[in-house]
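Text of coords-v1.txt (compact mmCIF, C-alpha atoms) as supplied:
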```
# COMPACT_ATOMS: atom_id res chain seq x y z
CA MET A 251 132.52 68.78 135.66
CA GLU A 252 129.92 71.54 135.42
CA THR A 253 127.61 69.69 137.80
CA TYR A 254 130.49 69.38 140.23
CA ASP A 255 131.43 73.07 139.94
CA VAL A 256 127.83 74.27 140.27
CA LEU A 257 127.17 72.16 143.35
CA LYS A 258 130.45 73.23 144.91
CA SER A 259 129.99 76.92 144.17
CA TRP A 260 126.27 77.50 144.55
CA GLY A 261 124.71 74.32 145.92
CA PRO A 262 124.87 72.58 149.27
CA GLY A 263 128.21 70.98 148.33
CA CYS A 264 129.06 67.54 147.07
CA HIS A 265 131.34 64.57 147.41
CA PHE A 266 133.40 63.51 144.43
CA PHE A 267 134.48 59.96 143.62
CA GLY A 268 136.59 60.48 140.55
CA TYR A 269 137.46 56.91 139.60
CA GLY A 270 134.13 55.11 139.91
CA THR A 271 136.00 51.91 140.80
CA ALA A 272 135.11 49.28 143.40
CA THR A 273 137.36 51.13 145.88
CA ASP A 274 135.41 54.32 145.26
CA MET A 275 132.16 52.39 145.69
CA ASP A 276 133.36 51.16 149.09
CA LYS A 277 134.16 54.75 150.10
CA LEU A 278 130.75 55.84 148.86
CA GLU A 279 129.03 53.14 150.87
CA THR A 280 130.92 54.14 154.02
CA LEU A 281 129.87 57.75 153.47
CA LEU A 282 126.24 56.78 152.91
CA GLU A 283 126.25 54.76 156.09
CA GLN A 284 127.68 57.73 158.01
CA GLU A 285 125.11 60.03 156.45
CA SER A 286 122.17 57.70 156.94
CA GLU A 287 119.15 58.97 158.87
CA SER A 288 120.16 57.73 162.28
CA GLN A 289 123.69 59.12 162.22
CA ARG A 290 123.45 62.27 160.10
CA ASP A 291 124.08 65.77 161.40
CA PRO A 292 120.52 67.18 161.14
CA THR A 293 121.80 70.67 160.26
CA THR A 294 123.24 69.48 156.92
CA PRO A 295 121.19 68.34 153.93
CA PRO A 296 121.06 64.60 153.24
CA ILE A 297 122.66 63.06 150.17
CA LEU A 298 120.01 63.60 147.55
CA THR A 299 121.44 62.57 144.22
CA LEU A 300 124.32 60.73 142.63
CA PHE A 301 125.41 61.73 139.13
CA THR A 302 127.47 59.41 136.97
CA GLU A 303 128.42 59.12 133.33
CA PHE A 304 128.26 55.86 131.41
CA PRO A 305 131.01 55.52 130.44
CA SER A 306 132.97 58.43 131.89
CA ASN A 307 134.71 61.34 130.25
CA PRO A 308 137.62 61.21 129.51
CA LEU A 309 138.74 57.84 130.95
CA LEU A 310 135.87 55.77 129.50
CA HIS A 311 135.28 53.99 132.78
CA SER A 312 131.91 52.37 133.46
CA SER A 313 130.72 52.15 137.03
CA ASP A 314 128.91 49.19 138.53
CA VAL A 315 125.43 50.62 138.02
CA LEU A 316 123.75 47.60 139.61
CA ARG A 317 125.57 48.31 142.86
CA LEU A 318 124.74 52.01 142.55
CA ARG A 319 121.06 51.14 141.99
CA ASN A 320 121.04 48.97 145.11
CA LEU A 321 122.69 51.73 147.14
CA ALA A 322 120.19 54.28 145.81
CA ASP A 323 117.32 52.05 146.91
CA LYS A 324 118.85 51.33 150.29
CA TYR A 325 119.85 54.91 151.14
CA ASN A 326 117.07 56.66 149.29
CA PHE A 327 118.88 58.97 146.88
CA LEU A 328 118.33 59.58 143.17
CA LEU A 329 120.58 58.07 140.56
CA VAL A 330 121.12 60.26 137.51
CA ILE A 331 123.01 58.64 134.64
CA ASP A 332 124.44 60.50 131.65
CA ASP A 333 124.71 58.08 128.70
CA THR A 334 126.01 60.62 126.17
CA ILE A 335 129.30 58.82 125.57
CA GLY A 336 127.88 55.32 125.40
CA THR A 337 124.89 56.69 123.47
CA PHE A 338 121.51 55.01 123.64
CA ALA A 339 121.99 52.98 120.45
CA ASN A 340 124.80 51.16 122.30
CA VAL A 341 123.88 51.12 125.98
CA ASP A 342 120.64 50.88 127.92
CA VAL A 343 121.16 52.32 131.40
CA LEU A 344 117.56 53.31 132.06
CA PRO A 345 116.71 50.20 134.12
CA TYR A 346 119.25 51.41 136.69
CA ALA A 347 118.52 55.14 136.61
CA ASP A 348 115.88 57.39 138.11
CA ILE A 349 116.68 60.00 135.49
CA LEU A 350 118.58 59.58 132.25
CA VAL A 351 120.23 62.61 130.68
CA SER A 352 122.03 62.83 127.35
CA SER A 353 123.53 65.56 125.25
CA LEU A 354 122.07 65.62 121.75
CA THR A 355 124.79 67.93 120.53
CA LYS A 356 127.13 64.96 120.17
CA ILE A 357 126.56 61.93 117.93
CA PHE A 358 122.76 62.29 117.90
CA SER A 359 123.33 65.40 115.79
CA GLY A 360 126.76 64.50 114.42
CA SER A 361 127.05 67.51 112.15
CA ALA A 362 128.05 70.04 114.82
CA ASN A 363 125.80 72.65 113.22
CA VAL A 364 123.06 72.72 115.84
CA MET A 365 122.64 72.40 119.55
CA GLY A 366 119.40 71.05 120.85
CA GLY A 367 117.71 69.45 123.75
CA ARG A 368 114.60 67.66 124.77
CA TYR A 369 112.89 66.11 127.71
CA VAL A 370 111.94 62.51 127.23
CA TYR A 371 109.28 60.92 129.41
CA ASN A 372 109.12 57.15 129.51
CA PHE A 373 105.34 56.63 129.52
CA MET B 112 107.78 59.48 123.43
CA ILE B 113 109.65 62.70 122.81
CA LEU B 114 108.70 66.11 124.08
CA LYS B 115 110.57 69.25 123.29
CA GLY B 116 112.98 70.63 125.80
CA ARG B 117 115.64 73.17 126.46
CA ASP B 118 119.07 73.90 127.73
CA ILE B 119 119.44 72.58 131.25
CA LEU B 120 122.97 73.33 132.21
CA ASN B 121 125.71 75.60 131.02
CA ARG B 122 124.95 75.63 127.30
CA ARG B 123 125.32 71.88 127.05
CA LEU B 124 122.10 70.52 125.72
CA PHE B 125 120.57 67.56 127.34
CA SER B 126 117.63 65.31 127.06
CA LEU B 127 116.01 63.97 130.16
CA VAL B 128 114.41 60.54 130.50
CA LEU B 129 112.45 59.45 133.51
CA ASN B 130 112.29 55.86 134.61
CA ARG B 131 108.61 55.20 135.10
CA ASN B 132 109.40 52.34 137.43
CA GLY B 133 111.38 54.77 139.57
CA ARG B 134 109.99 55.72 142.95
CA TYR B 135 109.89 59.41 142.08
CA TYR B 136 108.44 59.14 138.59
CA ASP B 137 105.11 60.76 139.50
CA VAL B 138 106.77 63.54 141.47
CA PHE B 139 109.12 64.37 138.59
CA LYS B 140 106.45 64.19 135.96
CA THR B 141 104.10 66.47 137.85
CA TYR B 142 106.88 68.93 138.52
CA LEU B 143 108.20 68.97 134.95
CA LYS B 144 104.71 69.40 133.59
CA SER B 145 104.19 72.40 135.84
CA VAL B 146 107.47 74.15 134.94
CA PHE B 147 108.04 73.12 131.34
CA GLU B 148 108.43 75.99 128.93
CA ASP B 149 109.19 75.41 125.25
CA THR B 150 111.95 77.84 124.39
CA TYR B 151 113.55 75.78 121.66
CA TYR B 152 113.96 77.67 118.39
CA ASP B 153 112.04 76.06 115.52
CA GLY B 154 114.98 76.21 113.12
CA ASP B 155 117.18 74.33 115.58
CA ALA B 156 114.48 71.72 116.16
CA ILE B 157 114.17 71.13 112.40
CA GLN B 158 117.95 70.89 111.92
CA MET B 159 118.31 68.53 114.88
CA GLU B 160 115.56 66.28 113.56
CA CYS B 161 117.15 66.17 110.08
CA ASN B 162 120.55 65.35 111.52
CA SER B 163 119.19 62.60 113.72
CA ARG B 164 117.51 60.62 110.95
CA ASP B 165 120.57 58.44 110.28
CA TYR B 166 121.69 58.37 113.92
CA HIS B 167 121.59 54.56 114.21
CA HIS B 168 123.53 54.05 110.99
CA ARG B 169 126.17 56.61 112.00
CA VAL B 170 126.57 55.02 115.42
CA GLU B 171 127.25 51.65 113.80
CA VAL B 172 129.85 53.05 111.41
CA ALA B 173 131.56 54.99 114.21
CA ASN B 174 131.50 51.92 116.50
CA ARG B 175 133.25 49.83 113.82
CA ASN B 176 135.84 52.50 113.06
CA THR B 177 136.61 53.07 116.72
CA GLU B 178 137.04 49.40 117.48
CA ALA B 179 139.44 48.98 114.53
CA VAL B 180 141.47 52.02 115.58
CA CYS B 181 141.54 51.06 119.26
CA ASP B 182 142.53 47.45 118.55
CA PHE B 183 145.41 48.76 116.46
CA LEU B 184 146.57 51.30 119.05
CA HIS B 185 146.05 48.90 121.97
CA SER B 186 148.34 46.36 120.28
CA HIS B 187 150.99 49.12 120.24
CA SER B 188 150.54 50.09 123.89
CA ILE B 189 152.25 49.04 127.08
CA ALA B 190 148.89 47.95 128.50
CA GLY B 191 148.43 45.84 125.37
CA GLY B 192 151.77 44.11 125.94
CA ALA B 193 153.92 45.88 123.36
CA SER B 194 157.57 46.41 124.21
CA ASP B 195 159.20 49.86 123.75
CA ALA B 196 155.76 51.37 123.15
CA VAL B 197 155.12 55.12 123.35
CA ILE B 198 151.42 54.65 124.11
CA LYS B 199 150.83 53.70 127.71
CA LYS B 200 147.19 52.85 127.58
CA VAL B 201 144.10 53.02 125.38
CA PHE B 202 141.07 54.07 127.43
CA TYR B 203 138.09 52.42 125.76
CA PRO B 204 135.16 50.42 127.19
CA LYS B 205 136.40 47.25 125.49
CA TYR B 206 139.49 47.34 127.72
CA ASN B 207 138.17 49.29 130.73
CA ALA B 208 135.73 47.87 133.29
CA ARG B 209 134.33 45.73 130.53
CA ASP B 210 132.02 43.66 132.74
CA ASP B 211 130.38 46.80 134.05
CA TYR B 212 130.02 48.18 130.53
CA GLU B 213 128.56 44.94 129.19
CA ARG B 214 125.85 44.98 131.84
CA CYS B 215 124.22 47.79 129.83
CA GLN B 216 125.61 47.05 126.37
CA ILE B 217 122.77 46.42 123.93
CA SER B 218 124.69 43.95 121.76
CA ALA B 219 128.25 42.85 121.07
CA ASN B 220 130.86 45.20 119.57
CA ARG B 221 128.97 48.32 120.56
CA PHE B 222 131.67 50.22 122.44
CA GLY B 223 130.95 53.74 121.25
CA SER B 224 133.09 56.19 119.32
CA LEU B 225 135.17 57.89 121.99
CA PHE B 226 138.53 56.84 123.40
CA SER B 227 141.56 58.37 125.09
CA LEU B 228 145.29 57.68 124.93
CA SER B 229 148.03 58.17 127.49
CA PHE B 230 151.69 58.27 126.50
CA THR B 231 155.01 57.41 128.10
CA SER B 232 156.18 61.01 127.61
CA ILE B 233 154.64 64.40 126.97
CA GLU B 234 156.86 64.71 123.87
CA ALA B 235 155.32 61.58 122.39
CA SER B 236 151.86 62.96 123.09
CA HIS B 237 152.72 66.27 121.40
CA ALA B 238 154.19 64.51 118.36
CA PHE B 239 151.18 62.21 118.02
CA TYR B 240 148.77 65.15 118.30
CA ASP B 241 150.66 67.29 115.79
CA ALA B 242 151.02 64.46 113.26
CA LEU B 243 147.43 63.27 113.52
CA SER B 244 145.87 64.59 110.33
CA CYS B 245 142.35 65.16 111.63
CA TRP B 246 140.71 68.32 112.90
CA LYS B 247 141.46 69.45 116.43
CA GLY B 248 138.55 70.37 118.67
CA PRO B 249 137.05 70.02 122.14
CA ILE B 250 133.79 68.26 121.21
CA PHE B 251 133.17 64.65 120.16
CA GLY B 252 130.45 62.65 118.45
CA THR B 253 131.00 64.51 115.20
CA ASN B 254 130.92 62.88 111.78
CA LEU B 255 134.55 63.88 111.30
CA THR B 256 137.20 62.55 113.67
CA LEU B 257 138.35 65.10 116.25
CA VAL B 258 141.28 65.00 118.64
CA CYS B 259 141.50 67.01 121.83
CA ALA B 260 144.49 67.57 124.14
CA TYR B 261 142.08 66.97 126.97
CA THR B 262 144.01 67.76 130.13
CA ILE B 263 145.53 70.93 128.74
CA LEU B 264 142.27 72.20 127.23
CA SER B 265 139.83 71.22 129.97
CA PHE B 266 141.65 72.42 133.05
CA TYR B 267 143.28 75.67 133.97
CA VAL B 268 146.95 75.28 134.83
CA SER B 269 145.97 75.68 138.49
CA GLU B 270 143.60 72.71 138.20
CA GLN B 271 145.87 70.37 136.32
CA GLU B 272 147.52 68.88 139.40
CA TRP B 273 144.04 68.05 140.72
CA ALA B 274 143.15 66.35 137.42
CA ILE B 275 146.41 64.44 137.34
CA GLY B 276 145.65 63.29 140.89
CA HIS B 277 142.44 61.80 139.53
CA GLY B 278 144.17 59.73 136.88
CA ILE B 279 143.86 62.22 134.04
CA GLU B 280 147.43 62.33 132.83
CA LYS B 281 148.88 65.44 131.26
CA SER B 282 149.69 63.53 128.07
CA LEU B 283 146.07 62.46 127.63
CA LEU B 284 144.57 62.83 124.17
CA ARG B 285 140.88 62.23 123.67
CA ILE B 286 139.70 61.19 120.23
CA GLY B 287 136.14 61.14 118.96
CA VAL B 288 136.07 58.89 115.93
CA GLY B 289 133.99 59.83 112.92
CA LEU B 290 132.61 58.20 109.81
CA GLU B 291 135.68 58.26 107.58
CA ASP B 292 136.83 55.17 105.73
CA THR B 293 138.40 52.73 108.22
CA GLU B 294 141.59 52.31 106.22
CA THR B 295 142.07 56.08 106.06
CA LEU B 296 141.75 56.28 109.84
CA LEU B 297 144.19 53.42 110.41
CA LYS B 298 146.70 55.09 108.08
CA MET B 299 146.24 58.37 109.94
CA MET B 300 146.92 56.63 113.26
CA THR B 301 149.97 54.83 111.88
CA VAL B 302 151.53 58.12 110.74
CA ALA B 303 150.86 59.70 114.14
CA LEU B 304 152.22 56.69 115.99
CA ASP B 305 155.40 56.72 113.90
CA ALA B 306 155.86 60.42 114.66
CA ALA B 307 155.37 59.75 118.38
CA LYS B 308 157.96 56.96 118.27
CA ALA B 309 160.42 59.19 116.37
CA SER B 310 160.02 61.93 118.98
CA THR B 311 161.52 59.71 121.65
CA VAL B 312 164.58 58.74 119.58
CA LEU B 313 167.46 61.09 120.26
```
How would this structure read if it were set down as structure tokens?
Amino acid sequence: METYDVLKSWGPGCHFFGYGTATDMDKLETLLEQESESQRDPTTPPILTLFTEFPSNPLLHSSDVLRLRNLADKYNFLLVIDDTIGTFANVDVLPYADILVSSLTKIFSGSANVMGGRYVYNF
Amino acid sequence: MILKGRDILNRRLFSLVLNRNGRYYDVFKTYLKSVFEDTYYDGDAIQMECNSRDYHHRVEVANRNTEAVCDFLHSHSIAGGASDAVIKKVFYPKYNARDDYERCQISANRFGSLFSLSFTSIEASHAFYDALSCWKGPIFGTNLTLVCAYTILSFYVSEQEWAIGHGIEKSLLRIGVGLEDTETLLKMMTVALDAAKASTVL
């Protein structure tokens, strides 16, 4: 939600597909087609990045990340996946993501007595 | 390979992994190298490292507990086929978009430790929440089970209609399951479920 609020309030704006279902994916694809190079209004920024959680908070929905990966390749945007809820001991989303983000304040720490962060490079 | 990092967004602490097969890997890496500044306090780094040592073990225990609890609650939900149930639905990757979850699931029965519940009435939700004998709190992933009245806590009253329009029902409770004994958790859920059922009997 913070990403959404920040982009809305201070960024170039964003589109929100709250369910992450196949219907939402169809809407996303229609939007990407409308915004593709040939048809886009040149005064607005292109779609740069798609953020998704795997699975989502709080409805625990997992999107079709294979389809998202294919769309990202076709329409040239970045796919950022947050795997905090799945957690990397349970799910491996990196093959589909350009960037993987996770909160370490959750189960990685577990004790709720520290907040911490790190960058991880996949060499 | 782990490098140190820092707060990226709004006090929530994140790690960042780059896919080296990604098209922008070199661009990101060059940029991050040029702007990276280690502002992480040593004491926090040491505590985080200590906490993380049994991460894999804790994830397995929490996975098992959550699956037991969710199977129990799902069998008492409308979505799970129960009649006169007060729970509408258990939101949990085992029952939600499972094919899409399994595409990334590392091995069987790894569904994580977070789930949500919706109820047939707000009264049932209140009764369940009040009777659930765990700590109440807005985080998850903790070693102790935590319940959160998600819709009420996460959205201002003015935003709640918007949330409800996106499938986040007002009765929604989100539960992060901890490392307690499984039987203790099942007993806790049974007591809360009974209280929720009693709340709807006039």
Subject >> Which residue of B:Cys181, B:Val138, B:Ala208, B:Ala193 approaches chain A most closely, using only C-alpha atoms >> reply: B:Ala208
Original post:
Which residues come within 12 Å of B:Cys245, counting only C-alpha atoms, excluding same-chain residues fewer than 6 positions away, as a ChimeraX atom specification?
Top reply: /B:239,253-259,286-289,291,295-300,302-303
Interface list for chain A, partner chain B, 7 Å threshold, all atoms listed in the file, as a PDB file with C-alpha atoms, in the coordinates of the input:
```pdb
ATOM      1  CA  GLY A 268     136.590  60.480 140.550  1.00  0.00           C
ATOM      2  CA  TYR A 269     137.460  56.910 139.600  1.00  0.00           C
ATOM      3  CA  PRO A 308     137.620  61.210 129.510  1.00  0.00           C
ATOM      4  CA  LEU A 309     138.740  57.840 130.950  1.00  0.00           C
ATOM      5  CA  LEU A 310     135.870  55.770 129.500  1.00  0.00           C
ATOM      6  CA  HIS A 311     135.280  53.990 132.780  1.00  0.00           C
ATOM      7  CA  SER A 312     131.910  52.370 133.460  1.00  0.00           C
ATOM      8  CA  SER A 313     130.720  52.150 137.030  1.00  0.00           C
ATOM      9  CA  ASP A 314     128.910  49.190 138.530  1.00  0.00           C
ATOM     10  CA  ILE A 335     129.300  58.820 125.570  1.00  0.00           C
ATOM     11  CA  GLY A 336     127.880  55.320 125.400  1.00  0.00           C
ATOM     12  CA  ALA A 339     121.990  52.980 120.450  1.00  0.00           C
ATOM     13  CA  ASN A 340     124.800  51.160 122.300  1.00  0.00           C
ATOM     14  CA  VAL A 341     123.880  51.120 125.980  1.00  0.00           C
ATOM     15  CA  ASP A 342     120.640  50.880 127.920  1.00  0.00           C
ATOM     16  CA  VAL A 343     121.160  52.320 131.400  1.00  0.00           C
ATOM     17  CA  LEU A 344     117.560  53.310 132.060  1.00  0.00           C
ATOM     18  CA  ALA A 347     118.520  55.140 136.610  1.00  0.00           C
ATOM     19  CA  ASP A 348     115.880  57.390 138.110  1.00  0.00           C
ATOM     20  CA  ILE A 349     116.680  60.000 135.490  1.00  0.00           C
ATOM     21  CA  LEU A 350     118.580  59.580 132.250  1.00  0.00           C
ATOM     22  CA  VAL A 351     120.230  62.610 130.680  1.00  0.00           C
ATOM     23  CA  SER A 352     122.030  62.830 127.350  1.00  0.00           C
ATOM     24  CA  SER A 353     123.530  65.560 125.250  1.00  0.00           C
ATOM     25  CA  LEU A 354     122.070  65.620 121.750  1.00  0.00           C
ATOM     26  CA  THR A 355     124.790  67.930 120.530  1.00  0.00           C
ATOM     27  CA  LYS A 356     127.130  64.960 120.170  1.00  0.00           C
ATOM     28  CA  ILE A 357     126.560  61.930 117.930  1.00  0.00           C
ATOM     29  CA  PHE A 358     122.760  62.290 117.900  1.00  0.00           C
ATOM     30  CA  SER A 359     123.330  65.400 115.790  1.00  0.00           C
ATOM     31  CA  GLY A 360     126.760  64.500 114.420  1.00  0.00           C
ATOM     32  CA  SER A 361     127.050  67.510 112.150  1.00  0.00           C
ATOM     33  CA  ALA A 362     128.050  70.040 114.820  1.00  0.00           C
ATOM     34  CA  VAL A 364     123.060  72.720 115.840  1.00  0.00           C
ATOM     35  CA  MET A 365     122.640  72.400 119.550  1.00  0.00           C
ATOM     36  CA  GLY A 366     119.400  71.050 120.850  1.00  0.00           C
ATOM     37  CA  GLY A 367     117.710  69.450 123.750  1.00  0.00           C
ATOM     38  CA  ARG A 368     114.600  67.660 124.770  1.00  0.00           C
ATOM     39  CA  TYR A 369     112.890  66.110 127.710  1.00  0.00           C
ATOM     40  CA  VAL A 370     111.940  62.510 127.230  1.00  0.00           C
ATOM     41  CA  TYR A 371     109.280  60.920 129.410  1.00  0.00           C
ATOM     42  CA  ASN A 372     109.120  57.150 129.510  1.00  0.00           C
ATOM     43  CA  PHE A 373     105.340  56.630 129.520  1.00  0.00           C
TER      44      PHE A 373
END
```
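In this comparison, which uses all atoms listed in the file, the residue of A:Pro295, A:Tyr346, A:Arg290, A:Met275 approaching A:Arg319 most closely is A:Tyr346.
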Subject >> Å distance separating atom CA of A:Phe338 from atom CA of A:Gly270, one decimal place >> reply: 20.6 Å
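Taking atom CA of A:Pro262 and atom CA of B:Val146 as endpoints, the distance between them is 22.6 Å.
Interatomic distance, atom CA of B:Ala242 against atom CA of B:Ala306: 6.5 Å.
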Draw an axis-aligned box tight on the listed atoms of stretch 265-275 of chain A, then pad every side by 5 Å and write out centre and edge lengths in Å to one decimal as JSON.
```
{"center_x": 134.4, "center_y": 56.9, "center_z": 143.5, "size_x": 16.1, "size_y": 25.3, "size_z": 17.8}
```
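Residues in contact with stretch 321-328 of chain A at up to 9 Å, not including ones fewer than 3 positions away on its chain and judged by all atoms listed in the file, are A:Glu279, A:Leu282, A:Glu283, A:Ser286, A:Glu287, A:Pro296, A:Ile297, A:Leu298, A:Thr299, A:Leu300, A:Phe301, A:Leu316, A:Arg317, A:Leu318, A:Ala347, A:Asp348, A:Ile349, B:Tyr135.
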Got time to write the residues from that selection, C-alpha atoms, as a PDB file, keeping the file's coordinate frame?
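Contents of again.pdb, as written:
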```pdb
ATOM      1  CA  GLU A 279     129.030  53.140 150.870  1.00  0.00           C
ATOM      2  CA  LEU A 282     126.240  56.780 152.910  1.00  0.00           C
ATOM      3  CA  GLU A 283     126.250  54.760 156.090  1.00  0.00           C
ATOM      4  CA  SER A 286     122.170  57.700 156.940  1.00  0.00           C
ATOM      5  CA  GLU A 287     119.150  58.970 158.870  1.00  0.00           C
ATOM      6  CA  PRO A 296     121.060  64.600 153.240  1.00  0.00           C
ATOM      7  CA  ILE A 297     122.660  63.060 150.170  1.00  0.00           C
ATOM      8  CA  LEU A 298     120.010  63.600 147.550  1.00  0.00           C
ATOM      9  CA  THR A 299     121.440  62.570 144.220  1.00  0.00           C
ATOM     10  CA  LEU A 300     124.320  60.730 142.630  1.00  0.00           C
ATOM     11  CA  PHE A 301     125.410  61.730 139.130  1.00  0.00           C
ATOM     12  CA  LEU A 316     123.750  47.600 139.610  1.00  0.00           C
ATOM     13  CA  ARG A 317     125.570  48.310 142.860  1.00  0.00           C
ATOM     14  CA  LEU A 318     124.740  52.010 142.550  1.00  0.00           C
ATOM     15  CA  ALA A 347     118.520  55.140 136.610  1.00  0.00           C
ATOM     16  CA  ASP A 348     115.880  57.390 138.110  1.00  0.00           C
ATOM     17  CA  ILE A 349     116.680  60.000 135.490  1.00  0.00           C
TER      18      ILE A 349
ATOM     19  CA  TYR B 135     109.890  59.410 142.080  1.00  0.00           C
TER      20      TYR B 135
END
```
